[in-house]
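One structure is given here, and the rest of the page talks about it.
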Amino acid sequence: MDNMEKKIVVEDLSVSFDGTHALSNVSLDVFKGEILTIIGPANSGKTTLLSAINRTLEIKDMVSITGRILLDGKDINESEPEEIRRRVGMVYALPIPLPMSIRDNVLLGIRLQRRLKRSEEDDILEKTLRAAFLWEEVKDRLNTSAIQLSGGQQQRLCIARTLAVKPEVILFDEPCSGLDPISTMKVEEALKELVREHTIVFVTNNTKQAARIGTRTAFLLMGRLVEVDATEKLFTVPSCKETEDYITGQFG
Amino acid sequence: MRLGPRIAELFAKIFLFGITLFIVGILLFIILFILKNGAAHISWKFITMPIEDMGRSGGILATIVGTGLIVLVAIVVATPLGVSSAIYLAEYTKGGRITEVIRFGINCLSAVPSIIFGLFGFILFVETLGFGWSILSGGLSLAAMVLPTIISTAEEALRSVPISYREVARSLGATRWQTVSKAVIPYALPGILTGIILSIGRAVGETAVVIFTAGTATQMPRSLLDSARTMAVHFYVLAREGISLDNAYATATLLICTILIVNASAYMLMHRLMRGRR
């Protein structure tokens, strides 16, 4: 793996909320074009790690962050937070469609940057909705409210909305936790296509899912990075006892 | 003696229902009383004629125009100020001590008697700034009076927008202001509008403030610096000085109908906007 290009470098990252540690000295690389899955029980700091990477963590109250995160070798704090958030998109655990039409939802982020021609908008809509495997299901009702979509459709809409901003990296925070198996499969299908052009960090509670889709997998526990390795190796011959206990269902 | 729980339940229900009925009854009584005494004296002529002989005859067109203009000035001034302040309180502060003090101040402001706003407006707008008894002075004083209502309803509406909407917008690269203007305000709009319309209702019926600041001129106003008599003031003068009780009730009828229409449209608007969201 050493010859691969590092897209994200997390160096000695510690985060605490109002004095309570959420992450302690986490160092981790994410390589360009891989799917890094992150597993770990609740409260192990997975979401905190993701939101630190796209600088949405700092919006929260009473948070203190130390350490460095590099994106393409450059400290993310040297760029505007809005730029980092556009380059590093995030898909949340629960789908959060805003109460507007499907079209307006998808175009929300890109419209903040610049004014688009109608034809440009249509292109972006079709491209991102296709990439999110949603186009066929919604192409005839783009102007209807996004709230009326099913949970699985909403989540794929949120993926399309994130894609529309053309991020280089996409962070997924347990995007399938509220979805049925069929919807989950569709999201995973979309993921396989997305990884051709994006770097992906995928947090999941579901170890089987992590094993299915990951290039490499990281295991977080109580705010510490226990180990990170090629997915196949981590799930067959983990080097730490804690990892083995977790993936074999001893706890968590 | 103790009542069984079922009997107590029955009594509670009857008692609470009775109280509610009583309150609705008061409202109905006022409306019916005014309508009974006033409706017969309303005619097209009454609505479209100028005031004649101090209100003994003629119509009340000037007071309708005066009321409309004063309320318009008040809302045009109070809305941007109040909504901006609400956005600041809801979106840009982190709930510290200073915010608490500001919010406390605004709540106190809403408890200030309207006659005090009248005095304030008289000293500041009529005297110090030299606007005289005018539509402008009246409107500005009313704006000060309805500001707390607009601020609290707008802040409440903004706070009811789920945090996750803000997170989504921010994670798509929106700045704080873009988030507020594109994701938060559209969602809070029905609540904000309701506060504004209820303020209109309050301003339309306000008497003490405008008597001090807009005067009681009976002729048709020609500019915002002219004195004007509102419908409420007209009613007060007619009834107080015993000029014409019939015309007083007729004015009151129009006033009450206006307020009812304003309030009803507030609820209808809110209902429609809420439905359009789903």
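FYI, nothing fancy with the structure tokens labels: chains A, B, ... in order, residues from 1 per chain, ligands from 1 as they appear.
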Exercise: range 125-128 of chain B partners within 8 Å, only C-alpha atoms, chain neighbours under 5 positions left out, as number ranges by chain: B: 133-134, 137, 140-141, 213
Output all heavy atoms for every residue in that selection, as a PDB file, in the first residue's frame.
ATOM      1  N   TRP B 133     -47.442  65.439  14.791  1.00  0.00           N
ATOM      2  CA  TRP B 133     -48.495  64.424  14.815  1.00  0.00           C
ATOM      3  C   TRP B 133     -48.688  63.947  13.388  1.00  0.00           C
ATOM      4  O   TRP B 133     -49.193  64.709  12.539  1.00  0.00           O
ATOM      5  CB  TRP B 133     -49.796  65.010  15.348  1.00  0.00           C
ATOM      6  CG  TRP B 133     -49.843  65.028  16.841  1.00  0.00           C
ATOM      7  CD1 TRP B 133     -49.535  64.012  17.675  1.00  0.00           C
ATOM      8  CD2 TRP B 133     -50.233  66.120  17.654  1.00  0.00           C
ATOM      9  NE1 TRP B 133     -49.701  64.396  18.979  1.00  0.00           N
ATOM     10  CE2 TRP B 133     -50.138  65.678  18.994  1.00  0.00           C
ATOM     11  CE3 TRP B 133     -50.663  67.427  17.393  1.00  0.00           C
ATOM     12  CZ2 TRP B 133     -50.447  66.501  20.075  1.00  0.00           C
ATOM     13  CZ3 TRP B 133     -50.976  68.240  18.462  1.00  0.00           C
ATOM     14  CH2 TRP B 133     -50.868  67.772  19.799  1.00  0.00           C
ATOM     15  N   SER B 134     -48.272  62.749  13.104  1.00  0.00           N
ATOM     16  CA  SER B 134     -48.304  62.325  11.701  1.00  0.00           C
ATOM     17  C   SER B 134     -48.410  60.819  11.587  1.00  0.00           C
ATOM     18  O   SER B 134     -48.215  60.088  12.556  1.00  0.00           O
ATOM     19  CB  SER B 134     -47.031  62.788  10.990  1.00  0.00           C
ATOM     20  OG  SER B 134     -45.917  62.161  11.588  1.00  0.00           O
ATOM     21  N   SER B 137     -45.030  59.331  12.518  1.00  0.00           N
ATOM     22  CA  SER B 137     -44.802  59.169  13.963  1.00  0.00           C
ATOM     23  C   SER B 137     -45.616  58.014  14.514  1.00  0.00           C
ATOM     24  O   SER B 137     -45.122  57.189  15.289  1.00  0.00           O
ATOM     25  CB  SER B 137     -45.196  60.443  14.716  1.00  0.00           C
ATOM     26  OG  SER B 137     -44.443  61.533  14.271  1.00  0.00           O
ATOM     27  N   LEU B 140     -44.222  54.605  13.306  1.00  0.00           N
ATOM     28  CA  LEU B 140     -42.958  54.241  13.954  1.00  0.00           C
ATOM     29  C   LEU B 140     -43.202  53.816  15.404  1.00  0.00           C
ATOM     30  O   LEU B 140     -42.598  52.859  15.894  1.00  0.00           O
ATOM     31  CB  LEU B 140     -41.970  55.414  13.894  1.00  0.00           C
ATOM     32  CG  LEU B 140     -41.457  55.756  12.486  1.00  0.00           C
ATOM     33  CD1 LEU B 140     -40.595  57.021  12.505  1.00  0.00           C
ATOM     34  CD2 LEU B 140     -40.655  54.590  11.902  1.00  0.00           C
ATOM     35  N   SER B 141     -44.089  54.529  16.100  1.00  0.00           N
ATOM     36  CA  SER B 141     -44.380  54.164  17.490  1.00  0.00           C
ATOM     37  C   SER B 141     -45.041  52.796  17.562  1.00  0.00           C
ATOM     38  O   SER B 141     -44.719  51.969  18.422  1.00  0.00           O
ATOM     39  CB  SER B 141     -45.301  55.190  18.142  1.00  0.00           C
ATOM     40  OG  SER B 141     -44.829  56.488  17.899  1.00  0.00           O
ATOM     41  N   THR B 213     -49.499  60.086  18.967  1.00  0.00           N
ATOM     42  CA  THR B 213     -48.457  60.288  17.966  1.00  0.00           C
ATOM     43  C   THR B 213     -48.977  60.663  16.580  1.00  0.00           C
ATOM     44  O   THR B 213     -48.246  61.233  15.793  1.00  0.00           O
ATOM     45  CB  THR B 213     -47.605  59.017  17.817  1.00  0.00           C
ATOM     46  OG1 THR B 213     -48.477  57.912  17.580  1.00  0.00           O
ATOM     47  CG2 THR B 213     -46.801  58.756  19.078  1.00  0.00           C
TER      48      THR B 213
END
Taking only C-alpha atoms into account, what are the residues of chain A at most 7 Å from chain B, put as a PDB file with N, CA and C atoms, in the first residue's frame?
ATOM      1  N   THR A  56     -17.055  19.830   9.803  1.00  0.00           N
ATOM      2  CA  THR A  56     -18.364  20.175  10.348  1.00  0.00           C
ATOM      3  C   THR A  56     -18.355  20.014  11.863  1.00  0.00           C
ATOM      4  N   GLU A  82     -15.829  26.079   4.137  1.00  0.00           N
ATOM      5  CA  GLU A  82     -16.817  25.767   3.106  1.00  0.00           C
ATOM      6  C   GLU A  82     -16.183  24.996   1.950  1.00  0.00           C
ATOM      7  N   GLU A  83     -14.929  25.352   1.625  1.00  0.00           N
ATOM      8  CA  GLU A  83     -14.261  24.670   0.523  1.00  0.00           C
ATOM      9  C   GLU A  83     -14.013  23.205   0.899  1.00  0.00           C
ATOM     10  N   ARG A  85     -15.680  21.433   3.017  1.00  0.00           N
ATOM     11  CA  ARG A  85     -16.950  20.697   3.074  1.00  0.00           C
ATOM     12  C   ARG A  85     -17.462  20.357   1.684  1.00  0.00           C
ATOM     13  N   ARG A  86     -17.128  21.196   0.707  1.00  0.00           N
ATOM     14  CA  ARG A  86     -17.520  20.854  -0.660  1.00  0.00           C
ATOM     15  C   ARG A  86     -16.658  19.729  -1.210  1.00  0.00           C
ATOM     16  N   GLY A  89     -17.593  15.440   0.968  1.00  0.00           N
ATOM     17  CA  GLY A  89     -19.036  15.393   1.219  1.00  0.00           C
ATOM     18  C   GLY A  89     -19.382  14.417   2.329  1.00  0.00           C
ATOM     19  N   MET A  90     -20.584  14.593   2.883  1.00  0.00           N
ATOM     20  CA  MET A  90     -21.000  13.714   3.983  1.00  0.00           C
ATOM     21  C   MET A  90     -22.438  13.238   3.749  1.00  0.00           C
ATOM     22  N   LEU A  98     -34.554  17.881   2.595  1.00  0.00           N
ATOM     23  CA  LEU A  98     -35.173  19.125   3.034  1.00  0.00           C
ATOM     24  C   LEU A  98     -36.567  19.205   2.424  1.00  0.00           C
ATOM     25  N   PRO A  99     -37.475  19.921   3.087  1.00  0.00           N
ATOM     26  CA  PRO A  99     -38.870  19.952   2.612  1.00  0.00           C
ATOM     27  C   PRO A  99     -39.016  20.768   1.336  1.00  0.00           C
ATOM     28  N   MET A 100     -38.459  20.261   0.264  1.00  0.00           N
ATOM     29  CA  MET A 100     -38.597  20.916  -1.036  1.00  0.00           C
ATOM     30  C   MET A 100     -38.603  19.818  -2.079  1.00  0.00           C
ATOM     31  N   GLY A 109     -26.820  22.335  -2.903  1.00  0.00           N
ATOM     32  CA  GLY A 109     -25.425  22.684  -2.650  1.00  0.00           C
ATOM     33  C   GLY A 109     -24.779  23.423  -3.803  1.00  0.00           C
ATOM     34  N   LEU A 112     -25.643  27.049  -4.323  1.00  0.00           N
ATOM     35  CA  LEU A 112     -25.040  28.005  -3.392  1.00  0.00           C
ATOM     36  C   LEU A 112     -23.765  28.586  -3.987  1.00  0.00           C
ATOM     37  N   SER A 145     -42.428  16.674  -3.924  1.00  0.00           N
ATOM     38  CA  SER A 145     -41.702  16.820  -2.661  1.00  0.00           C
ATOM     39  C   SER A 145     -40.849  15.596  -2.353  1.00  0.00           C
ATOM     40  N   ILE A 147     -40.038  14.660   0.493  1.00  0.00           N
ATOM     41  CA  ILE A 147     -40.487  14.038   1.739  1.00  0.00           C
ATOM     42  C   ILE A 147     -41.322  12.786   1.450  1.00  0.00           C
ATOM     43  N   THR A 162     -25.219  15.058  -2.312  1.00  0.00           N
ATOM     44  CA  THR A 162     -23.810  15.205  -1.969  1.00  0.00           C
ATOM     45  C   THR A 162     -22.943  15.178  -3.230  1.00  0.00           C
TER      46      THR A 162
END
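Each of A:Gln209, A:Thr48, A:Thr20, A:Thr217 was compared to Ile35 in chain A using only C-alpha atoms, and A:Thr217 turns out to be the nearest.
Each of A:Leu23, A:Met62, A:Val187, A:Ile69 was checked against Glu11 in chain A using only C-alpha atoms; the smallest atom-to-atom distance is that of A:Ile69.
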Which of range 3-237 of chain A fall in alpha helix (DSSP H), as a ChimeraX atom specification: /A:46-53,81-87,102-113,118-131,135-138,151-164,181-194,207-213,231-236
Contacts of range 223-234 of chain B at 9 Å (only C-alpha atoms; same-chain gap of 4+ positions) as a ChimeraX atom specification: /B:55,60,62-70,73,131-138,204-208,210-211,213-219,238-239,248,251-252,254-255
Would you mind exporting the chosen residues as an mmCIF file, in the first residue's frame, restricted to C-alpha atoms?
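Final file, selection23.cif:
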data_model
loop_
_atom_site.group_PDB
_atom_site.id
_atom_site.type_symbol
_atom_site.label_atom_id
_atom_site.label_comp_id
_atom_site.auth_asym_id
_atom_site.auth_seq_id
_atom_site.Cartn_x
_atom_site.Cartn_y
_atom_site.Cartn_z
ATOM 1 C CA GLY B 55 -68.300 62.494 12.611
ATOM 2 C CA ILE B 60 -65.148 57.343 7.673
ATOM 3 C CA ALA B 62 -60.232 59.106 5.959
ATOM 4 C CA THR B 63 -59.931 56.895 9.042
ATOM 5 C CA ILE B 64 -59.783 53.738 6.922
ATOM 6 C CA VAL B 65 -56.993 55.235 4.829
ATOM 7 C CA GLY B 66 -55.281 56.572 7.966
ATOM 8 C CA THR B 67 -55.417 53.200 9.694
ATOM 9 C CA GLY B 68 -54.102 51.424 6.618
ATOM 10 C CA LEU B 69 -51.179 53.800 6.160
ATOM 11 C CA ILE B 70 -50.156 53.834 9.809
ATOM 12 C CA VAL B 73 -45.579 52.035 8.056
ATOM 13 C CA PHE B 131 -42.225 64.589 12.569
ATOM 14 C CA GLY B 132 -45.180 66.192 14.368
ATOM 15 C CA TRP B 133 -48.495 64.424 14.815
ATOM 16 C CA SER B 134 -48.304 62.325 11.701
ATOM 17 C CA ILE B 135 -48.789 58.970 10.065
ATOM 18 C CA LEU B 136 -45.006 58.558 10.198
ATOM 19 C CA SER B 137 -44.802 59.169 13.963
ATOM 20 C CA GLY B 138 -47.777 56.894 14.597
ATOM 21 C CA VAL B 204 -55.033 47.994 13.605
ATOM 22 C CA GLY B 205 -56.882 48.134 16.901
ATOM 23 C CA GLU B 206 -54.351 50.133 18.911
ATOM 24 C CA THR B 207 -55.660 53.436 20.231
ATOM 25 C CA ALA B 208 -53.452 54.887 22.963
ATOM 26 C CA VAL B 210 -51.724 56.628 17.883
ATOM 27 C CA ILE B 211 -53.732 59.218 19.800
ATOM 28 C CA THR B 213 -48.457 60.288 17.966
ATOM 29 C CA ALA B 214 -50.731 60.569 14.930
ATOM 30 C CA GLY B 215 -53.254 63.031 16.264
ATOM 31 C CA THR B 216 -56.950 63.141 15.468
ATOM 32 C CA ALA B 217 -57.231 65.093 12.210
ATOM 33 C CA THR B 218 -60.426 64.276 10.352
ATOM 34 C CA GLN B 219 -59.414 65.237 6.828
ATOM 35 C CA LEU B 238 -67.171 59.644 18.845
ATOM 36 C CA ALA B 239 -68.089 57.622 21.910
ATOM 37 C CA ALA B 248 -69.203 54.947 16.776
ATOM 38 C CA THR B 251 -66.899 52.232 13.053
ATOM 39 C CA ALA B 252 -66.361 49.594 15.721
ATOM 40 C CA LEU B 254 -65.810 47.732 10.626
ATOM 41 C CA LEU B 255 -62.815 47.646 12.959
#
Strand (DSSP E or B) per DSSP on the backbone: members of range 157-250 of chain A, as number ranges by chain: A: 169-173, 199-203, 216-221, 224-230
Straight-line distance linking CA of Arg240 in chain B with CA of Arg56 in chain B, stated in Å to one decimal: 13.2 Å
